[in-house]
Amino acid sequence: MTLKICTWNINSVRLREPSVLRFLREEAPDVLCLQEIKTPLEHFPREGLRALGYEHVVARGQKSYNGVAIISRVEIEDAGQRDFCAKGDARHVAARLASGTVIHNLYIPAGGDIPDPVANPKFRHKLDFLEELRAWFGAERPHASILVGDLNIAPRPDDVWNHKQLLRIVSHTPVETEAMEAMRAAGGWVDITRAHIPDGRLYSWWSYRSPDWNAADKGRRLDHVWATPDLAMRSGGSGIARHVRGWEQPSDHVPVFAEFEI
């Protein structure tokens, strides 16, 4: 079975429910992983999802902040969560497909504006979060797994609009990209997007501050789809739904997708 799996930081699922439903109608992914749903689960909008055939939801909610959800039209079961940095934040949830494949949906902290872990507790939190991920994957090396989400790091020079200018900007600093690479290597994860699109600039986020995001095109690739090597071998196409950034009342992120034979 070929499954299309998408990740999207929706920046409030209740505010952007029409966009979620439009995306599901037009692109028909089998599984959609959302970050920053920003709602407790009792207020998570399910009726419209069910009407489109997406009857399965595994999620962790949080009022006004964070929150992650895995929406599926194929059967999934709850595979748990981890409370990184013991903060009680809803930043991770996992679901298991009938095949046994586990999907991890992550929302890594943004890290604030100052790339200094001493001066900026938010940046310290981000680095600690990455270190806990590295330690977890090193101790329990994953298999038959897919990891998606807003990882809030653009790791490669061609994952940002200007590598030199962004080296001191949070999301592209060397300390972050090195921590991300250590975490990826610890789990043996394969960057599926770059496996299929190895060359050229790729972005999944454009700031709200830009008066014309499309013309300026000052983007970053903050959203990722990774897989363990056993599944990476069975991965088909990948892509970034850039056009969604132009929809009415958009998120500043767009969906990123990949297909797998599972």
# chains A, B, ... in the order shown; residues from 1 in each chain; ligands from 1
>>> select_by_dssp(residues="stretch 141-195 of chain A", states="strand (DSSP E or B)", output="list in words")
Ser145, Ile146, Leu147, Val148, Gly149, Asp150, Val160, Val190 and Asp191 of chain A
>>> write_last_selection(atoms="all heavy atoms", output="PDB file, in the first residue's frame")
ATOM      1  N   SER A 145      10.070   3.222  11.327  1.00  0.00           N
ATOM      2  CA  SER A 145       9.538   4.451  11.899  1.00  0.00           C
ATOM      3  C   SER A 145       9.691   5.622  10.940  1.00  0.00           C
ATOM      4  O   SER A 145      10.625   5.675  10.141  1.00  0.00           O
ATOM      5  CB  SER A 145      10.247   4.787  13.219  1.00  0.00           C
ATOM      6  OG  SER A 145      10.038   3.787  14.186  1.00  0.00           O
ATOM      7  N   ILE A 146       8.764   6.555  11.066  1.00  0.00           N
ATOM      8  CA  ILE A 146       8.782   7.814  10.333  1.00  0.00           C
ATOM      9  C   ILE A 146       8.709   8.940  11.353  1.00  0.00           C
ATOM     10  O   ILE A 146       7.916   8.866  12.299  1.00  0.00           O
ATOM     11  CB  ILE A 146       7.598   7.894   9.345  1.00  0.00           C
ATOM     12  CG1 ILE A 146       7.708   6.790   8.290  1.00  0.00           C
ATOM     13  CG2 ILE A 146       7.519   9.261   8.674  1.00  0.00           C
ATOM     14  CD1 ILE A 146       6.443   6.601   7.468  1.00  0.00           C
ATOM     15  N   LEU A 147       9.530   9.946  11.191  1.00  0.00           N
ATOM     16  CA  LEU A 147       9.524  11.106  12.068  1.00  0.00           C
ATOM     17  C   LEU A 147       9.215  12.338  11.224  1.00  0.00           C
ATOM     18  O   LEU A 147       9.884  12.582  10.218  1.00  0.00           O
ATOM     19  CB  LEU A 147      10.875  11.247  12.757  1.00  0.00           C
ATOM     20  CG  LEU A 147      11.040  12.378  13.782  1.00  0.00           C
ATOM     21  CD1 LEU A 147      12.132  11.994  14.803  1.00  0.00           C
ATOM     22  CD2 LEU A 147      11.394  13.712  13.149  1.00  0.00           C
ATOM     23  N   VAL A 148       8.196  13.071  11.630  1.00  0.00           N
ATOM     24  CA  VAL A 148       7.821  14.281  10.907  1.00  0.00           C
ATOM     25  C   VAL A 148       7.616  15.412  11.905  1.00  0.00           C
ATOM     26  O   VAL A 148       7.453  15.190  13.097  1.00  0.00           O
ATOM     27  CB  VAL A 148       6.526  14.088  10.077  1.00  0.00           C
ATOM     28  CG1 VAL A 148       6.627  12.891   9.161  1.00  0.00           C
ATOM     29  CG2 VAL A 148       5.298  13.968  10.984  1.00  0.00           C
ATOM     30  N   GLY A 149       7.589  16.619  11.380  1.00  0.00           N
ATOM     31  CA  GLY A 149       7.207  17.727  12.231  1.00  0.00           C
ATOM     32  C   GLY A 149       7.925  19.024  11.932  1.00  0.00           C
ATOM     33  O   GLY A 149       8.765  19.120  11.039  1.00  0.00           O
ATOM     34  N   ASP A 150       7.547  20.013  12.714  1.00  0.00           N
ATOM     35  CA  ASP A 150       8.226  21.302  12.694  1.00  0.00           C
ATOM     36  C   ASP A 150       9.414  21.165  13.630  1.00  0.00           C
ATOM     37  O   ASP A 150       9.273  21.269  14.848  1.00  0.00           O
ATOM     38  CB  ASP A 150       7.272  22.404  13.150  1.00  0.00           C
ATOM     39  CG  ASP A 150       7.939  23.768  13.225  1.00  0.00           C
ATOM     40  OD1 ASP A 150       9.132  23.862  12.844  1.00  0.00           O
ATOM     41  OD2 ASP A 150       7.278  24.721  13.668  1.00  0.00           O
ATOM     42  N   VAL A 160      17.956  27.731   3.533  1.00  0.00           N
ATOM     43  CA  VAL A 160      17.633  29.112   3.916  1.00  0.00           C
ATOM     44  C   VAL A 160      17.916  30.028   2.732  1.00  0.00           C
ATOM     45  O   VAL A 160      18.668  29.685   1.827  1.00  0.00           O
ATOM     46  CB  VAL A 160      18.454  29.581   5.141  1.00  0.00           C
ATOM     47  CG1 VAL A 160      18.099  28.780   6.379  1.00  0.00           C
ATOM     48  CG2 VAL A 160      19.948  29.503   4.863  1.00  0.00           C
ATOM     49  N   VAL A 190      16.903   9.053   7.871  1.00  0.00           N
ATOM     50  CA  VAL A 190      17.164   9.545   6.525  1.00  0.00           C
ATOM     51  C   VAL A 190      16.253  10.746   6.263  1.00  0.00           C
ATOM     52  O   VAL A 190      15.031  10.663   6.480  1.00  0.00           O
ATOM     53  CB  VAL A 190      16.905   8.453   5.466  1.00  0.00           C
ATOM     54  CG1 VAL A 190      17.104   9.003   4.054  1.00  0.00           C
ATOM     55  CG2 VAL A 190      17.809   7.245   5.711  1.00  0.00           C
ATOM     56  N   ASP A 191      16.820  11.840   5.836  1.00  0.00           N
ATOM     57  CA  ASP A 191      16.055  13.028   5.452  1.00  0.00           C
ATOM     58  C   ASP A 191      15.399  12.732   4.102  1.00  0.00           C
ATOM     59  O   ASP A 191      16.018  12.837   3.051  1.00  0.00           O
ATOM     60  CB  ASP A 191      16.996  14.228   5.359  1.00  0.00           C
ATOM     61  CG  ASP A 191      16.301  15.534   4.992  1.00  0.00           C
ATOM     62  OD1 ASP A 191      15.154  15.499   4.503  1.00  0.00           O
ATOM     63  OD2 ASP A 191      16.930  16.594   5.160  1.00  0.00           O
TER      64      ASP A 191
END
>>> residues_around(residues="stretch 175-189 of chain A", least_positions_apart="6", cutoff="10 Å", atoms="only C-alpha atoms", output="PyMOL selection string")
chain A and resi 111+115-116+123+126-143+145-147+151-156+167-168+225-232
>>> write_last_selection(atoms="N, CA and C atoms", output="short mmCIF file (atom, residue, chain, number, x, y, z; two decimals), in the first residue's frame")
data_model
loop_
_atom_site.label_atom_id
_atom_site.label_comp_id
_atom_site.auth_asym_id
_atom_site.auth_seq_id
_atom_site.Cartn_x
_atom_site.Cartn_y
_atom_site.Cartn_z
N GLY A 111 12.97 28.45 20.11
CA GLY A 111 14.24 28.89 20.68
C GLY A 111 14.39 30.38 20.90
N PRO A 115 20.52 33.57 20.12
CA PRO A 115 21.14 32.24 20.08
C PRO A 115 22.22 32.06 21.16
N ASP A 116 21.81 32.27 22.40
CA ASP A 116 22.74 32.16 23.53
C ASP A 116 22.02 31.41 24.65
N PHE A 123 16.32 29.31 24.23
CA PHE A 123 17.33 28.65 23.41
C PHE A 123 17.94 27.47 24.16
N LYS A 126 15.60 24.62 23.80
CA LYS A 126 15.68 23.99 22.49
C LYS A 126 16.86 23.02 22.42
N LEU A 127 18.01 23.44 22.90
CA LEU A 127 19.18 22.58 22.86
C LEU A 127 19.01 21.36 23.76
N ASP A 128 18.40 21.56 24.92
CA ASP A 128 18.14 20.43 25.82
C ASP A 128 17.17 19.44 25.20
N PHE A 129 16.17 19.95 24.52
CA PHE A 129 15.19 19.12 23.83
C PHE A 129 15.89 18.25 22.78
N LEU A 130 16.76 18.86 22.00
CA LEU A 130 17.50 18.13 20.97
C LEU A 130 18.41 17.07 21.58
N GLU A 131 19.03 17.40 22.70
CA GLU A 131 19.91 16.44 23.37
C GLU A 131 19.11 15.25 23.90
N GLU A 132 17.91 15.49 24.43
CA GLU A 132 17.08 14.38 24.89
C GLU A 132 16.65 13.49 23.74
N LEU A 133 16.36 14.08 22.59
CA LEU A 133 16.05 13.28 21.41
C LEU A 133 17.25 12.44 20.99
N ARG A 134 18.44 13.06 20.98
CA ARG A 134 19.65 12.32 20.59
C ARG A 134 19.88 11.13 21.53
N ALA A 135 19.73 11.37 22.82
CA ALA A 135 19.96 10.31 23.80
C ALA A 135 18.92 9.19 23.64
N TRP A 136 17.69 9.56 23.40
CA TRP A 136 16.62 8.57 23.22
C TRP A 136 16.91 7.69 22.00
N PHE A 137 17.20 8.32 20.88
CA PHE A 137 17.44 7.55 19.66
C PHE A 137 18.72 6.73 19.76
N GLY A 138 19.70 7.22 20.50
CA GLY A 138 20.92 6.46 20.68
C GLY A 138 20.71 5.23 21.54
N ALA A 139 19.83 5.38 22.55
CA ALA A 139 19.57 4.26 23.46
C ALA A 139 18.57 3.26 22.89
N GLU A 140 17.63 3.75 22.11
CA GLU A 140 16.59 2.89 21.53
C GLU A 140 16.51 3.17 20.03
N ARG A 141 17.50 2.70 19.30
CA ARG A 141 17.58 3.01 17.88
C ARG A 141 16.30 2.57 17.17
N PRO A 142 15.63 3.48 16.49
CA PRO A 142 14.32 3.17 15.90
C PRO A 142 14.44 2.32 14.64
N HIS A 143 13.37 1.61 14.35
CA HIS A 143 13.22 0.92 13.07
C HIS A 143 11.76 0.98 12.68
N SER A 145 10.07 3.22 11.33
CA SER A 145 9.54 4.45 11.90
C SER A 145 9.69 5.62 10.94
N ILE A 146 8.76 6.55 11.07
CA ILE A 146 8.78 7.81 10.33
C ILE A 146 8.71 8.94 11.35
N LEU A 147 9.53 9.95 11.19
CA LEU A 147 9.52 11.11 12.07
C LEU A 147 9.22 12.34 11.22
N LEU A 151 10.58 20.92 13.06
CA LEU A 151 11.78 20.74 13.86
C LEU A 151 12.49 22.07 14.11
N ASN A 152 11.97 23.14 13.52
CA ASN A 152 12.44 24.51 13.79
C ASN A 152 13.94 24.70 13.55
N ILE A 153 14.50 23.91 12.64
CA ILE A 153 15.89 24.07 12.23
C ILE A 153 15.98 23.85 10.73
N ALA A 154 16.66 24.76 10.06
CA ALA A 154 16.97 24.62 8.64
C ALA A 154 18.43 24.18 8.56
N PRO A 155 18.72 22.90 8.32
CA PRO A 155 20.06 22.38 8.54
C PRO A 155 21.09 22.70 7.47
N ARG A 156 20.68 22.85 6.21
CA ARG A 156 21.64 22.99 5.12
C ARG A 156 21.72 24.43 4.64
N LEU A 167 23.51 32.76 9.72
CA LEU A 167 24.34 31.94 10.61
C LEU A 167 24.21 32.34 12.07
N ARG A 168 23.80 33.57 12.33
CA ARG A 168 23.60 34.01 13.72
C ARG A 168 22.13 34.20 14.05
N VAL A 225 10.47 15.53 6.97
CA VAL A 225 10.01 14.14 6.96
C VAL A 225 11.26 13.26 6.95
N TRP A 226 11.42 12.47 7.99
CA TRP A 226 12.54 11.53 8.10
C TRP A 226 11.99 10.12 8.20
N ALA A 227 12.82 9.15 7.89
CA ALA A 227 12.43 7.75 8.04
C ALA A 227 13.64 6.91 8.38
N THR A 228 13.41 5.78 9.02
CA THR A 228 14.48 4.83 9.26
C THR A 228 14.88 4.19 7.92
N PRO A 229 16.10 3.71 7.81
CA PRO A 229 16.58 3.20 6.52
C PRO A 229 15.69 2.13 5.89
N ASP A 230 15.08 1.27 6.70
CA ASP A 230 14.23 0.22 6.15
C ASP A 230 13.03 0.79 5.40
N LEU A 231 12.51 1.92 5.88
CA LEU A 231 11.38 2.56 5.20
C LEU A 231 11.85 3.54 4.13
N ALA A 232 13.01 4.15 4.34
CA ALA A 232 13.54 5.07 3.33
C ALA A 232 13.72 4.36 2.00
#
>>> atom_distance(atom1="atom CA of A:Glu55", atom2="atom CA of A:Arg91")
22.2 Å
>>> closest_atom_pairs(of="stretch 16-46 of chain A", to="stretch 59-80 of chain A", cutoff="10 Å", atoms="only C-alpha atoms", output="CSV")
residue,atom,partner,partner_atom,distance
A:Ala28,CA,A:Arg73,CA,9.4
A:Pro29,CA,A:Ser72,CA,8.3
A:Asp30,CA,A:Arg73,CA,5.6
A:Val31,CA,A:Ser72,CA,4.4
A:Leu32,CA,A:Ile71,CA,5.1
A:Cys33,CA,A:Ile70,CA,4.5
A:Leu34,CA,A:Ala69,CA,5.2
A:Gln35,CA,A:Val68,CA,4.6
A:Glu36,CA,A:Asn66,CA,4.4
A:Ile37,CA,A:Gly67,CA,4.9
A:Lys38,CA,A:Ser64,CA,4.5
A:Thr39,CA,A:Lys63,CA,4.5
A:Pro40,CA,A:Gly61,CA,4.4
A:Leu41,CA,A:Gly61,CA,5.1
A:Glu42,CA,A:Gly61,CA,8.6
A:His43,CA,A:Gly61,CA,9.1
A:Phe44,CA,A:Gly61,CA,8.2
A:Arg46,CA,A:Ile71,CA,9.6
>>> write_last_selection(atoms="C-alpha atoms", output="CSV table (one decimal), in the first residue's frame")
chain,number,residue,atom,x,y,z
A,28,ALA,CA,-6.0,13.7,-0.1
A,29,PRO,CA,-3.0,12.6,2.0
A,30,ASP,CA,-3.6,9.4,3.9
A,31,VAL,CA,-2.1,10.8,7.1
A,32,LEU,CA,-1.8,14.5,8.1
A,33,CYS,CA,0.4,15.4,11.1
A,34,LEU,CA,-0.3,18.8,12.5
A,35,GLN,CA,1.8,20.9,15.0
A,36,GLU,CA,0.7,23.9,17.0
A,37,ILE,CA,-2.9,22.9,17.1
A,38,LYS,CA,-3.2,25.3,20.1
A,39,THR,CA,-6.3,23.7,21.6
A,40,PRO,CA,-7.3,21.2,24.3
A,41,LEU,CA,-8.7,18.1,22.7
A,42,GLU,CA,-12.3,18.7,23.8
A,43,HIS,CA,-12.3,21.6,21.3
A,44,PHE,CA,-10.4,19.8,18.5
A,46,ARG,CA,-13.5,16.5,14.3
>>> closest_residue(among="A:Glu47, A:Asp83, A:Asp217, A:Glu27", to="A:Gly239", atoms="only C-alpha atoms")
A:Glu27
>>> select_by_dssp(residues="stretch 10-234 of chain A", states="alpha helix (DSSP H)", output="PyMOL selection string")
chain A and resi 17-27+47-51+121-139+163-166+174-187+192-196+213-216+229-232
>>> closest_residue(among="A:Thr2, A:Asn162, A:Ser171, A:Ser12", to="A:Gly237", atoms="only C-alpha atoms")
A:Thr2
>>> closest_residue(among="A:Asp158, A:Leu166, A:His224, A:Asn214", to="A:Gly200", atoms="only C-alpha atoms")
A:Asp158
>>> atom_distance(atom1="atom CA of A:Ala241", atom2="atom CA of A:Ala98")
27.3 Å
>>> atom_distance(atom1="atom CA of A:Arg201", atom2="atom CA of A:Arg221")
8.7 Å
>>> closest_residue(among="A:Ser235, A:Arg194, A:Pro45, A:Glu26", to="A:Arg14", atoms="only C-alpha atoms")
A:Pro45
